[in-house]
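A.B. asks: Just so it is clear, I am handing over protein39.cif, which has mmCIF, C-alpha atoms.
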data_structure
loop_
_atom_site.label_atom_id
_atom_site.label_comp_id
_atom_site.auth_asym_id
_atom_site.auth_seq_id
_atom_site.Cartn_x
_atom_site.Cartn_y
_atom_site.Cartn_z
CA MET G 1 11.32 -38.71 20.08
CA ALA G 2 8.93 -39.80 17.36
CA HIS G 3 9.35 -37.59 14.37
CA ASP G 4 9.17 -37.52 10.60
CA LYS G 5 11.29 -35.76 8.01
CA ILE G 6 9.89 -34.29 4.82
CA ASN G 7 12.42 -32.60 2.50
CA GLU G 8 14.72 -32.38 5.55
CA CYS G 9 11.97 -30.63 7.55
CA VAL G 10 11.54 -32.17 10.98
CA ILE G 11 8.02 -32.65 12.35
CA LEU G 12 7.76 -33.93 15.92
CA LYS G 13 4.69 -36.06 16.37
CA ASN G 14 4.00 -35.14 20.00
CA LEU G 15 3.44 -31.44 19.29
CA TYR G 16 0.30 -29.67 18.11
CA TYR G 17 0.70 -27.56 14.98
CA SER G 18 -0.96 -24.62 13.34
CA VAL G 19 0.15 -25.55 9.85
CA PRO G 20 -0.91 -22.25 8.17
CA ASP G 21 0.98 -20.18 10.76
CA ASN G 22 3.94 -22.57 11.14
CA THR G 23 3.76 -22.63 14.93
CA TRP G 24 3.74 -25.48 17.45
CA VAL G 25 2.30 -26.05 20.91
CA ARG G 26 3.61 -28.35 23.62
CA VAL G 27 1.16 -29.09 26.43
CA ASN G 28 2.92 -28.97 29.79
CA ASP G 29 1.98 -30.78 33.00
CA ASP G 30 1.45 -27.54 34.92
CA GLY G 31 -1.41 -26.36 32.71
CA THR G 32 0.74 -24.04 30.61
CA VAL G 33 1.69 -24.49 26.97
CA THR G 34 5.02 -23.82 25.32
CA ILE G 35 4.91 -22.21 21.87
CA GLY G 36 7.49 -21.99 19.13
CA MET G 37 8.01 -21.77 15.40
CA THR G 38 8.51 -24.83 13.24
CA ASP G 39 11.52 -26.12 11.36
CA VAL G 40 9.72 -25.05 8.19
CA ALA G 41 9.33 -21.51 9.54
CA GLN G 42 12.98 -21.14 10.52
CA SER G 43 14.07 -22.48 7.13
CA LEU G 44 11.86 -20.08 5.21
CA ALA G 45 13.04 -17.13 7.30
CA GLY G 46 16.74 -17.98 6.98
CA PRO G 47 19.27 -16.94 9.63
CA ILE G 48 17.24 -15.02 12.20
CA LEU G 49 18.65 -11.72 13.48
CA HIS G 50 16.10 -10.55 16.02
CA ALA G 51 13.11 -11.94 17.87
CA LYS G 52 10.91 -9.85 20.12
CA ALA G 53 8.17 -11.41 22.16
CA LYS G 54 5.29 -9.66 23.87
CA GLY G 55 5.78 -9.41 27.60
CA VAL G 56 4.71 -11.57 30.52
CA GLY G 57 1.16 -10.77 31.58
CA VAL G 58 -0.03 -9.85 28.10
CA ALA G 59 -3.29 -11.54 27.14
CA ARG G 60 -3.57 -12.65 23.54
CA GLU G 61 -6.31 -14.13 21.47
CA LYS G 62 -5.60 -17.02 19.17
CA GLY G 63 -4.32 -15.73 15.82
CA LYS G 64 -2.91 -12.49 17.23
CA PRO G 65 0.85 -11.85 17.19
CA ILE G 66 2.84 -12.89 20.24
CA ALA G 67 6.25 -12.09 18.78
CA THR G 68 7.95 -10.63 15.74
CA VAL G 69 10.85 -12.33 14.03
CA GLU G 70 13.34 -10.74 11.64
CA SER G 71 15.87 -12.25 9.30
CA GLY G 72 17.78 -10.58 6.52
CA LYS G 73 15.10 -11.38 4.01
CA TRP G 74 11.93 -11.80 6.03
CA VAL G 75 10.06 -10.14 8.85
CA GLY G 76 6.77 -11.23 10.27
CA PRO G 77 4.61 -12.05 13.23
CA VAL G 78 4.46 -15.27 15.20
CA LYS G 79 0.73 -15.77 15.63
CA SER G 80 -0.56 -17.32 18.80
CA PRO G 81 -2.02 -20.79 18.27
CA VAL G 82 -4.04 -20.49 21.51
CA THR G 83 -5.90 -17.88 23.52
CA GLY G 84 -4.39 -17.09 26.89
CA GLU G 85 -1.91 -15.06 28.91
CA ILE G 86 1.84 -15.01 28.44
CA VAL G 87 3.50 -16.36 31.58
CA GLU G 88 7.13 -16.74 30.51
CA VAL G 89 9.33 -15.53 27.67
CA ASN G 90 12.46 -17.38 26.58
CA GLU G 91 15.21 -14.89 27.36
CA GLU G 92 17.80 -17.08 25.63
CA VAL G 93 16.06 -16.49 22.32
CA ALA G 94 15.93 -12.76 23.03
CA LYS G 95 19.70 -12.83 23.55
CA ASP G 96 20.53 -15.12 20.63
CA ALA G 97 17.83 -15.30 17.99
CA ARG G 98 19.80 -17.96 16.07
CA MET G 99 18.47 -20.36 18.69
CA LEU G 100 15.26 -20.29 16.66
CA ASN G 101 17.21 -21.70 13.71
CA LYS G 102 19.29 -24.19 15.66
CA SER G 103 16.70 -25.62 17.99
CA PRO G 104 13.20 -24.67 16.90
CA TYR G 105 11.51 -27.36 19.01
CA ASN G 106 13.69 -27.32 22.11
CA LYS G 107 15.96 -24.49 23.27
CA GLY G 108 14.39 -22.16 20.73
CA TRP G 109 10.92 -22.10 22.24
CA ILE G 110 9.52 -18.57 22.19
CA LEU G 111 7.20 -18.28 25.16
CA LYS G 112 4.80 -20.03 27.50
CA MET G 113 1.14 -19.19 27.89
CA LYS G 114 -1.59 -20.09 30.31
CA PRO G 115 -4.40 -20.97 27.92
CA THR G 116 -8.04 -20.18 28.63
CA ASN G 117 -9.71 -22.55 26.14
CA LEU G 118 -7.07 -25.16 25.59
CA GLN G 119 -9.23 -28.08 24.52
CA THR G 120 -11.12 -25.92 22.02
CA ASP G 121 -7.88 -24.49 20.65
CA LEU G 122 -6.17 -27.90 20.43
CA ALA G 123 -9.10 -29.19 18.40
CA ASP G 124 -8.18 -26.68 15.69
CA LEU G 125 -4.54 -27.81 15.62
CA LEU G 126 -3.00 -30.95 14.14
CA THR G 127 -0.83 -33.51 15.89
CA GLY G 128 0.70 -36.92 15.22
CA ASP G 129 0.31 -38.42 11.77
CA ALA G 130 -2.33 -35.86 10.79
CA ALA G 131 0.20 -33.09 11.30
CA VAL G 132 2.86 -34.96 9.33
CA GLU G 133 0.51 -35.50 6.40
CA ALA G 134 -0.63 -31.86 6.41
CA TYR G 135 3.00 -30.75 6.37
CA ARG G 136 3.83 -33.23 3.64
CA ALA G 137 1.16 -31.64 1.45
CA LYS G 138 2.22 -28.08 2.30
CA ILE G 139 5.95 -28.70 1.89
CA THR G 140 5.41 -30.43 -1.44
CA GLN G 141 3.04 -27.77 -2.71
CA ASP G 142 5.30 -24.87 -1.68
CA GLY G 143 8.50 -26.60 -2.82
CA VAL G 144 10.17 -26.13 0.59
CA THR G 145 13.42 -27.83 1.59
CA CYS G 146 14.52 -27.21 5.17
CA THR G 147 18.04 -26.03 5.93
CA HIS G 148 19.93 -26.30 9.20
CA ILE G 149 22.76 -24.05 10.24
CA GLU G 150 25.81 -25.33 12.09
CA GLY G 151 25.00 -26.40 15.63
CA SER G 152 21.39 -27.32 14.90
CA ASP G 153 19.62 -30.10 16.77
CA GLU G 154 19.98 -33.43 15.03
CA TYR G 155 17.19 -35.90 14.40
CA MET A 156 7.76 -4.99 23.69
CA ALA A 157 5.30 -2.15 24.09
CA ASP A 158 1.87 -2.79 22.73
CA LEU A 159 1.65 -0.67 19.61
CA GLU A 160 -1.51 -2.24 18.27
CA GLY A 161 -3.61 0.19 16.31
CA LYS A 162 -0.94 2.85 15.75
CA LYS A 163 -0.79 4.08 12.18
CA ILE A 164 2.35 4.49 10.10
CA LEU A 165 2.53 5.99 6.65
CA VAL A 166 5.62 5.14 4.59
CA ILE A 167 6.29 7.35 1.58
CA GLN A 168 8.52 5.71 -1.02
CA THR A 169 9.99 7.90 -3.74
CA HIS A 170 12.68 5.48 -4.95
CA GLY A 171 12.19 2.95 -7.70
CA VAL A 172 13.79 0.27 -9.82
CA ASP A 173 16.60 2.58 -10.97
CA THR A 174 17.99 2.61 -7.40
CA PRO A 175 17.54 -0.97 -6.11
CA THR A 176 19.34 -0.47 -2.80
CA ARG A 177 16.80 2.19 -1.83
CA THR A 178 13.78 -0.03 -2.45
CA TYR A 179 13.88 -2.87 0.07
CA SER A 180 14.15 -1.15 3.45
CA PRO A 181 10.96 0.94 3.34
CA ILE A 182 8.98 -2.20 2.56
CA TYR A 183 10.80 -4.14 5.27
CA TYR A 184 9.97 -1.46 7.86
CA ALA A 185 6.37 -1.42 6.73
CA VAL A 186 6.02 -5.18 7.13
CA ALA A 187 7.73 -5.03 10.53
CA ALA A 188 5.21 -2.43 11.65
CA ALA A 189 2.35 -4.58 10.35
CA ALA A 190 3.74 -7.56 12.25
CA MET A 191 3.64 -5.36 15.36
CA GLU A 192 -0.08 -4.91 14.72
CA MET A 193 0.09 -1.39 13.37
CA GLU A 194 -1.95 -0.13 10.47
CA VAL A 195 0.50 0.56 7.69
CA MET A 196 0.32 2.15 4.28
CA ILE A 197 3.06 2.61 1.71
CA TRP A 198 2.46 5.52 -0.59
CA PHE A 199 4.43 5.26 -3.84
CA THR A 200 5.13 8.46 -5.69
CA MET A 201 7.78 10.04 -7.96
CA ASN A 202 10.29 7.31 -8.96
CA GLY A 203 8.74 4.91 -6.47
CA THR A 204 5.82 4.44 -8.81
CA ASN A 205 7.73 2.48 -11.44
CA GLN A 206 8.23 -0.60 -9.23
CA LEU A 207 4.46 -1.15 -9.30
CA LYS A 208 4.39 -1.70 -13.06
CA LYS A 209 3.71 -5.35 -13.83
CA GLY A 210 6.94 -7.22 -14.54
CA GLU A 211 9.34 -4.56 -13.21
CA ALA A 212 9.82 -5.47 -9.54
CA GLU A 213 10.68 -9.06 -10.48
CA LYS A 214 13.85 -7.75 -12.15
CA VAL A 215 15.22 -6.18 -8.95
CA SER A 216 17.19 -8.53 -6.70
CA LEU A 217 19.79 -7.27 -4.24
CA VAL A 218 21.13 -10.72 -3.37
CA PRO A 219 20.24 -13.01 -6.26
CA GLU A 220 20.99 -16.27 -4.38
CA SER A 221 18.49 -15.31 -1.66
CA GLY A 222 15.54 -15.81 -3.98
CA VAL A 223 14.18 -12.48 -2.74
CA THR A 224 13.14 -9.91 -5.31
CA LEU A 225 11.49 -6.55 -4.99
CA ARG A 226 8.34 -8.29 -6.17
CA SER A 227 8.52 -10.85 -3.37
CA MET A 228 8.99 -7.96 -0.92
CA LEU A 229 5.85 -6.29 -2.27
CA ASP A 230 4.00 -9.60 -2.00
CA MET A 231 5.19 -9.98 1.61
CA ALA A 232 3.75 -6.53 2.30
CA LEU A 233 0.41 -7.46 0.76
CA ASP A 234 0.35 -10.76 2.67
CA ASN A 235 0.77 -8.80 5.89
CA GLU A 236 -2.06 -6.43 5.01
CA VAL A 237 0.16 -3.45 4.32
CA GLN A 238 -1.89 -1.15 2.12
CA LEU A 239 -0.17 -0.20 -1.11
CA ARG A 240 -1.25 3.07 -2.70
CA VAL A 241 0.08 4.96 -5.67
CA CYS A 242 -0.10 8.61 -6.58
CA GLN A 243 -2.44 9.14 -9.51
CA GLN A 244 -0.40 11.98 -10.96
CA SER A 245 2.86 10.04 -10.83
CA LEU A 246 1.52 7.34 -13.15
CA THR A 247 1.75 9.84 -16.01
CA LEU A 248 5.42 10.36 -15.20
CA TRP A 249 6.09 6.76 -16.20
CA ASN A 250 3.54 6.51 -19.02
CA MET A 251 1.57 4.08 -16.92
CA VAL A 252 -2.15 3.47 -16.89
CA PRO A 253 -4.12 1.78 -14.10
CA ASP A 254 -4.05 -1.57 -15.92
CA ASP A 255 -0.24 -1.55 -15.75
CA LEU A 256 -0.29 -1.84 -11.95
CA ILE A 257 0.28 -5.10 -10.11
CA ASP A 258 -2.75 -6.46 -8.27
CA GLY A 259 -3.44 -5.10 -4.81
CA VAL A 260 -2.46 -1.49 -5.46
CA GLN A 261 -5.00 1.30 -5.25
CA ILE A 262 -4.72 4.72 -6.85
CA LEU A 263 -5.27 7.86 -4.81
CA GLY A 264 -5.06 11.54 -5.69
CA ALA A 265 -2.70 14.12 -4.25
CA THR A 266 -5.21 15.54 -1.77
CA SER A 267 -5.49 12.12 -0.18
CA ILE A 268 -1.83 12.13 0.80
CA ILE A 269 -2.34 15.35 2.72
CA ASP A 270 -5.33 13.90 4.55
CA LEU A 271 -3.41 10.71 5.28
CA ALA A 272 -0.28 12.47 6.49
CA LEU A 273 -2.34 14.38 9.02
CA SER A 274 -4.30 11.38 10.20
CA TYR A 275 -1.41 8.92 10.75
CA ASP A 276 0.59 8.70 13.96
CA HIS A 277 3.86 8.83 12.11
CA VAL A 278 5.12 9.36 8.57
CA MET A 279 8.39 7.91 7.27
CA TYR A 280 9.83 9.40 4.10
CA PHE A 281 12.22 7.62 1.78
#
What does the file become when written as structure tokens?
C.D. replies:
Amino acid sequence: MAHDKINECVILKNLYYSVPDNTWVRVNDDGTVTIGMTDVAQSLAGPILHAKAKGVGVAREKGKPIATVESGKWVGPVKSPVTGEIVEVNEEVAKDARMLNKSPYNKGWILKMKPTNLQTDLADLLTGDAAVEAYRAKITQDGVTCTHIEGSDEY
Amino acid sequence: MADLEGKKILVIQTHGVDTPTRTYSPIYYAVAAAAMEMEVMIWFTMNGTNQLKKGEAEKVSLVPESGVTLRSMLDMALDNEVQLRVCQQSLTLWNMVPDDLIDGVQILGATSIIDLALSYDHVMYF
């Protein structure tokens, strides 16, 4: 899969990113989107202890929390990058929050939503080279180096 | 997760830089509540006041290699829109004046805490 690495932080080019909120969106064939947190986010949080997502059926506006994530040194919301309704929550992450550290773009997805204004919302996100360059600027400015615990996905 | 949006939590912190292990958790809980979309205030009084003096919270680090300090915890609270308030009367206890406070902290008088305690859904004391 096409990707780039900046200070060990992996950015997949086929995803859409909210760079300020460190979330990603994958557009699925069935009209839903999958949402997760980025490699940068999991690195900043450190080993994640708990993740709690809002439930299936909950409607959320873009920018509102869809989950909370806790590590030993950080706690915060995962803000929705799109407006829509939650249709599926990743129970594997609920059982083992370290999945967010090990596989932020694959097994560690947080939830799926059925978006209501997808094209409008996607226009506010970055993908491809634009996303990579935005992350390059952010990672450099913030002095971030990504870290990967044992068992993490390899790129 | 139940939708707790709009609930109000007041955290009262009476512990300060002299007892580092009693400083982090109240802030952590406050930020967690904010992340769950609650309205959260931390009220600093008694010894809790001294961590708000410029330059003091930076010195408190429970796990030095983590890069986390009491100051970064306070900043995390501010970033998550947790309201930080300090008891006016307790400033005198530490020979502090308003200009000594870190940015983002507002001063309230003792009667305000009574009003707040009655108006919040829950109060947590530390």
A.B. asks: Mind checking which residues fall within 10 Å of range 213-219 of chain A, counting only C-alpha atoms, ignoring those fewer than 6 positions away in the same chain, and posting them as a VMD selection string?
C.D. replies: (chain G and resid 73) or (chain A and resid 171 to 176 178 to 179 206 225 to 229)
A.B. asks: Apply the PyMOL selection byres ((chain A) within 9 of (chain G)) to the displayed file and report the matching residues as an mmCIF file with C-alpha atoms, in the frame of the given file.
C.D. replies:
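Dumped to out.cif:
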data_model
loop_
_atom_site.group_PDB
_atom_site.id
_atom_site.type_symbol
_atom_site.label_atom_id
_atom_site.label_comp_id
_atom_site.auth_asym_id
_atom_site.auth_seq_id
_atom_site.Cartn_x
_atom_site.Cartn_y
_atom_site.Cartn_z
ATOM 1 C CA MET A 156 7.760 -4.990 23.690
ATOM 2 C CA ALA A 157 5.300 -2.150 24.090
ATOM 3 C CA ASP A 158 1.870 -2.790 22.730
ATOM 4 C CA TYR A 183 10.800 -4.140 5.270
ATOM 5 C CA TYR A 184 9.970 -1.460 7.860
ATOM 6 C CA VAL A 186 6.020 -5.180 7.130
ATOM 7 C CA ALA A 187 7.730 -5.030 10.530
ATOM 8 C CA ALA A 189 2.350 -4.580 10.350
ATOM 9 C CA ALA A 190 3.740 -7.560 12.250
ATOM 10 C CA MET A 191 3.640 -5.360 15.360
ATOM 11 C CA GLU A 192 -0.080 -4.910 14.720
ATOM 12 C CA SER A 221 18.490 -15.310 -1.660
ATOM 13 C CA VAL A 223 14.180 -12.480 -2.740
ATOM 14 C CA MET A 228 8.990 -7.960 -0.920
ATOM 15 C CA MET A 231 5.190 -9.980 1.610
ATOM 16 C CA ASN A 235 0.770 -8.800 5.890
#
A.B. asks: Take the PyMOL selection byres ((chain G and resi 98) around 9), apply it to the structure above, and return the hits as an MDAnalysis selection string.
C.D. replies: chainID G and resid 47:50 93 96:97 99:103 108 149
A.B. asks: Exactly which residues make up the result of the PyMOL selection byres ((chain A and resi 236-241) around 10) on this file, given as number ranges by chain?
C.D. replies: A: 165-168, 182, 185-190, 193-201, 203-205, 207, 229-235, 242-246, 253, 256, 258-265, 268
A.B. asks: Could you list, as a PyMOL selection string, every residue within 10 Å of Asn117 in chain G, counting all atoms listed in the file and ignoring same-chain residues fewer than 2 positions away?
C.D. replies: chain G and resi 62+82-84+114-115+119-122
A.B. asks: Using all atoms listed in the file, which of the listed residues (A:Thr224, A:Ser180, A:Asn202, A:Ser267) sits closest to Thr247 in chain A?
C.D. replies: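 Result for the nearest residue to Thr247 in chain A: A:Asn202.
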A.B. asks: What is the CA of Met37 in chain G to CA of Val25 in chain G distance in Å?
C.D. replies: 9.0 Å
A.B. asks: For CA of Arg26 in chain G and CA of Ser80 in chain G, quote the distance in Å rounded to one decimal.
C.D. replies: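 Spanning CA of Arg26 in chain G to CA of Ser80 in chain G is a straight-line distance of 12.7 Å.
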A.B. asks: Which one of G:Glu150, G:Glu88, G:Asp4, G:Glu133 sits closest to Thr34 in chain G if you count all atoms listed in the file?
C.D. replies: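 Counting all atoms listed in the file, the residue closest to Thr34 in chain G is G:Glu88.
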A.B. asks: Taking (4.9, -18.7, 24.2) in the coordinates of the supplied file, I want to know which residues reach to within 8 Å of it, counting only C-alpha atoms; could you give the answer as a PDB file with C-alpha atoms, keeping the file's coordinate frame?
C.D. replies:
ATOM      1  CA  VAL G  33       1.690 -24.490  26.970  1.00  0.00           C
ATOM      2  CA  THR G  34       5.020 -23.820  25.320  1.00  0.00           C
ATOM      3  CA  ILE G  35       4.910 -22.210  21.870  1.00  0.00           C
ATOM      4  CA  GLY G  36       7.490 -21.990  19.130  1.00  0.00           C
ATOM      5  CA  ILE G  66       2.840 -12.890  20.240  1.00  0.00           C
ATOM      6  CA  SER G  80      -0.560 -17.320  18.800  1.00  0.00           C
ATOM      7  CA  ILE G  86       1.840 -15.010  28.440  1.00  0.00           C
ATOM      8  CA  VAL G  87       3.500 -16.360  31.580  1.00  0.00           C
ATOM      9  CA  GLU G  88       7.130 -16.740  30.510  1.00  0.00           C
ATOM     10  CA  VAL G  89       9.330 -15.530  27.670  1.00  0.00           C
ATOM     11  CA  TRP G 109      10.920 -22.100  22.240  1.00  0.00           C
ATOM     12  CA  ILE G 110       9.520 -18.570  22.190  1.00  0.00           C
ATOM     13  CA  LEU G 111       7.200 -18.280  25.160  1.00  0.00           C
ATOM     14  CA  LYS G 112       4.800 -20.030  27.500  1.00  0.00           C
ATOM     15  CA  MET G 113       1.140 -19.190  27.890  1.00  0.00           C
TER      16      MET G 113
END
A.B. asks: Find the distance between CA of Ile257 in chain A and CA of Met279 in chain A and write it in Å to one decimal.
C.D. replies: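 Between CA of Ile257 in chain A and CA of Met279 in chain A the gap works out to 23.2 Å.
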A.B. asks: Considering all atoms listed in the file, return as a list in words whatever protein or nucleic-acid residues lie within 7 Å of Leu125 in chain G, sequence-local ones (same chain, fewer than 2 positions apart) excluded.
C.D. replies: Tyr16, Tyr17, Ser18, Asp121, Leu122, Ala123 and Thr127 of chain G
A.B. asks: Would you save range 24-52 of chain G to a file, keeping N, CA and C atoms, as a short mmCIF file (atom, residue, chain, number, x, y, z; two decimals), in the first residue's frame?
C.D. replies:
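The resulting file, decode.cif, is reproduced below:
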data_model
loop_
_atom_site.label_atom_id
_atom_site.label_comp_id
_atom_site.auth_asym_id
_atom_site.auth_seq_id
_atom_site.Cartn_x
_atom_site.Cartn_y
_atom_site.Cartn_z
N TRP G 24 -8.28 9.42 10.81
CA TRP G 24 -8.33 9.07 9.39
C TRP G 24 -9.68 8.49 9.03
N VAL G 25 -9.98 8.55 7.74
CA VAL G 25 -11.23 8.04 7.19
C VAL G 25 -10.90 7.15 6.00
N ARG G 26 -11.50 5.95 5.99
CA ARG G 26 -11.41 5.10 4.80
C ARG G 26 -12.83 5.00 4.22
N VAL G 27 -12.95 5.30 2.94
CA VAL G 27 -14.26 5.24 2.29
C VAL G 27 -14.51 3.81 1.81
N ASN G 28 -15.59 3.22 2.28
CA ASN G 28 -15.90 1.83 1.94
C ASN G 28 -16.88 1.76 0.76
N ASP G 29 -16.91 0.61 0.11
CA ASP G 29 -17.77 0.43 -1.06
C ASP G 29 -19.26 0.46 -0.72
N ASP G 30 -19.59 0.14 0.53
CA ASP G 30 -21.01 0.05 0.89
C ASP G 30 -21.61 1.38 1.36
N GLY G 31 -20.86 2.46 1.16
CA GLY G 31 -21.39 3.77 1.55
C GLY G 31 -21.06 4.17 2.99
N THR G 32 -20.41 3.26 3.73
CA THR G 32 -19.98 3.62 5.08
C THR G 32 -18.53 4.12 5.03
N VAL G 33 -18.10 4.68 6.14
CA VAL G 33 -16.68 5.02 6.26
C VAL G 33 -16.15 4.37 7.54
N THR G 34 -14.89 3.99 7.49
CA THR G 34 -14.20 3.48 8.67
C THR G 34 -13.33 4.61 9.20
N ILE G 35 -13.29 4.73 10.54
CA ILE G 35 -12.57 5.83 11.17
C ILE G 35 -11.59 5.28 12.20
N GLY G 36 -10.43 5.90 12.27
CA GLY G 36 -9.45 5.49 13.27
C GLY G 36 -8.56 6.64 13.65
N MET G 37 -7.60 6.35 14.53
CA MET G 37 -6.61 7.36 14.91
C MET G 37 -5.30 7.06 14.20
N THR G 38 -4.50 8.08 14.00
CA THR G 38 -3.30 7.93 13.18
C THR G 38 -2.12 7.35 13.96
N ASP G 39 -1.10 7.01 13.22
CA ASP G 39 0.15 6.55 13.84
C ASP G 39 0.72 7.65 14.74
N VAL G 40 0.57 8.89 14.32
CA VAL G 40 1.04 10.02 15.14
C VAL G 40 0.27 10.03 16.46
N ALA G 41 -1.04 9.86 16.38
CA ALA G 41 -1.88 9.91 17.59
C ALA G 41 -1.49 8.81 18.57
N GLN G 42 -1.33 7.58 18.06
CA GLN G 42 -1.00 6.48 18.98
C GLN G 42 0.38 6.67 19.58
N SER G 43 1.29 7.28 18.83
CA SER G 43 2.63 7.52 19.38
C SER G 43 2.61 8.57 20.47
N LEU G 44 1.85 9.63 20.24
CA LEU G 44 1.77 10.70 21.24
C LEU G 44 1.10 10.19 22.52
N ALA G 45 0.09 9.33 22.36
CA ALA G 45 -0.63 8.83 23.53
C ALA G 45 0.24 7.86 24.34
N GLY G 46 1.08 7.09 23.64
CA GLY G 46 1.81 6.02 24.32
C GLY G 46 0.90 4.81 24.47
N PRO G 47 1.40 3.77 25.17
CA PRO G 47 0.60 2.54 25.29
C PRO G 47 -0.82 2.83 25.81
N ILE G 48 -1.80 2.45 25.01
CA ILE G 48 -3.18 2.80 25.31
C ILE G 48 -3.82 1.73 26.20
N LEU G 49 -4.49 2.18 27.25
CA LEU G 49 -5.05 1.28 28.26
C LEU G 49 -6.53 1.01 28.03
N HIS G 50 -7.26 2.04 27.63
CA HIS G 50 -8.70 1.89 27.44
C HIS G 50 -9.16 2.72 26.25
N ALA G 51 -10.14 2.19 25.55
CA ALA G 51 -10.79 2.96 24.49
C ALA G 51 -12.28 2.67 24.59
N LYS G 52 -13.06 3.73 24.62
CA LYS G 52 -14.52 3.57 24.70
C LYS G 52 -15.15 4.35 23.58
#
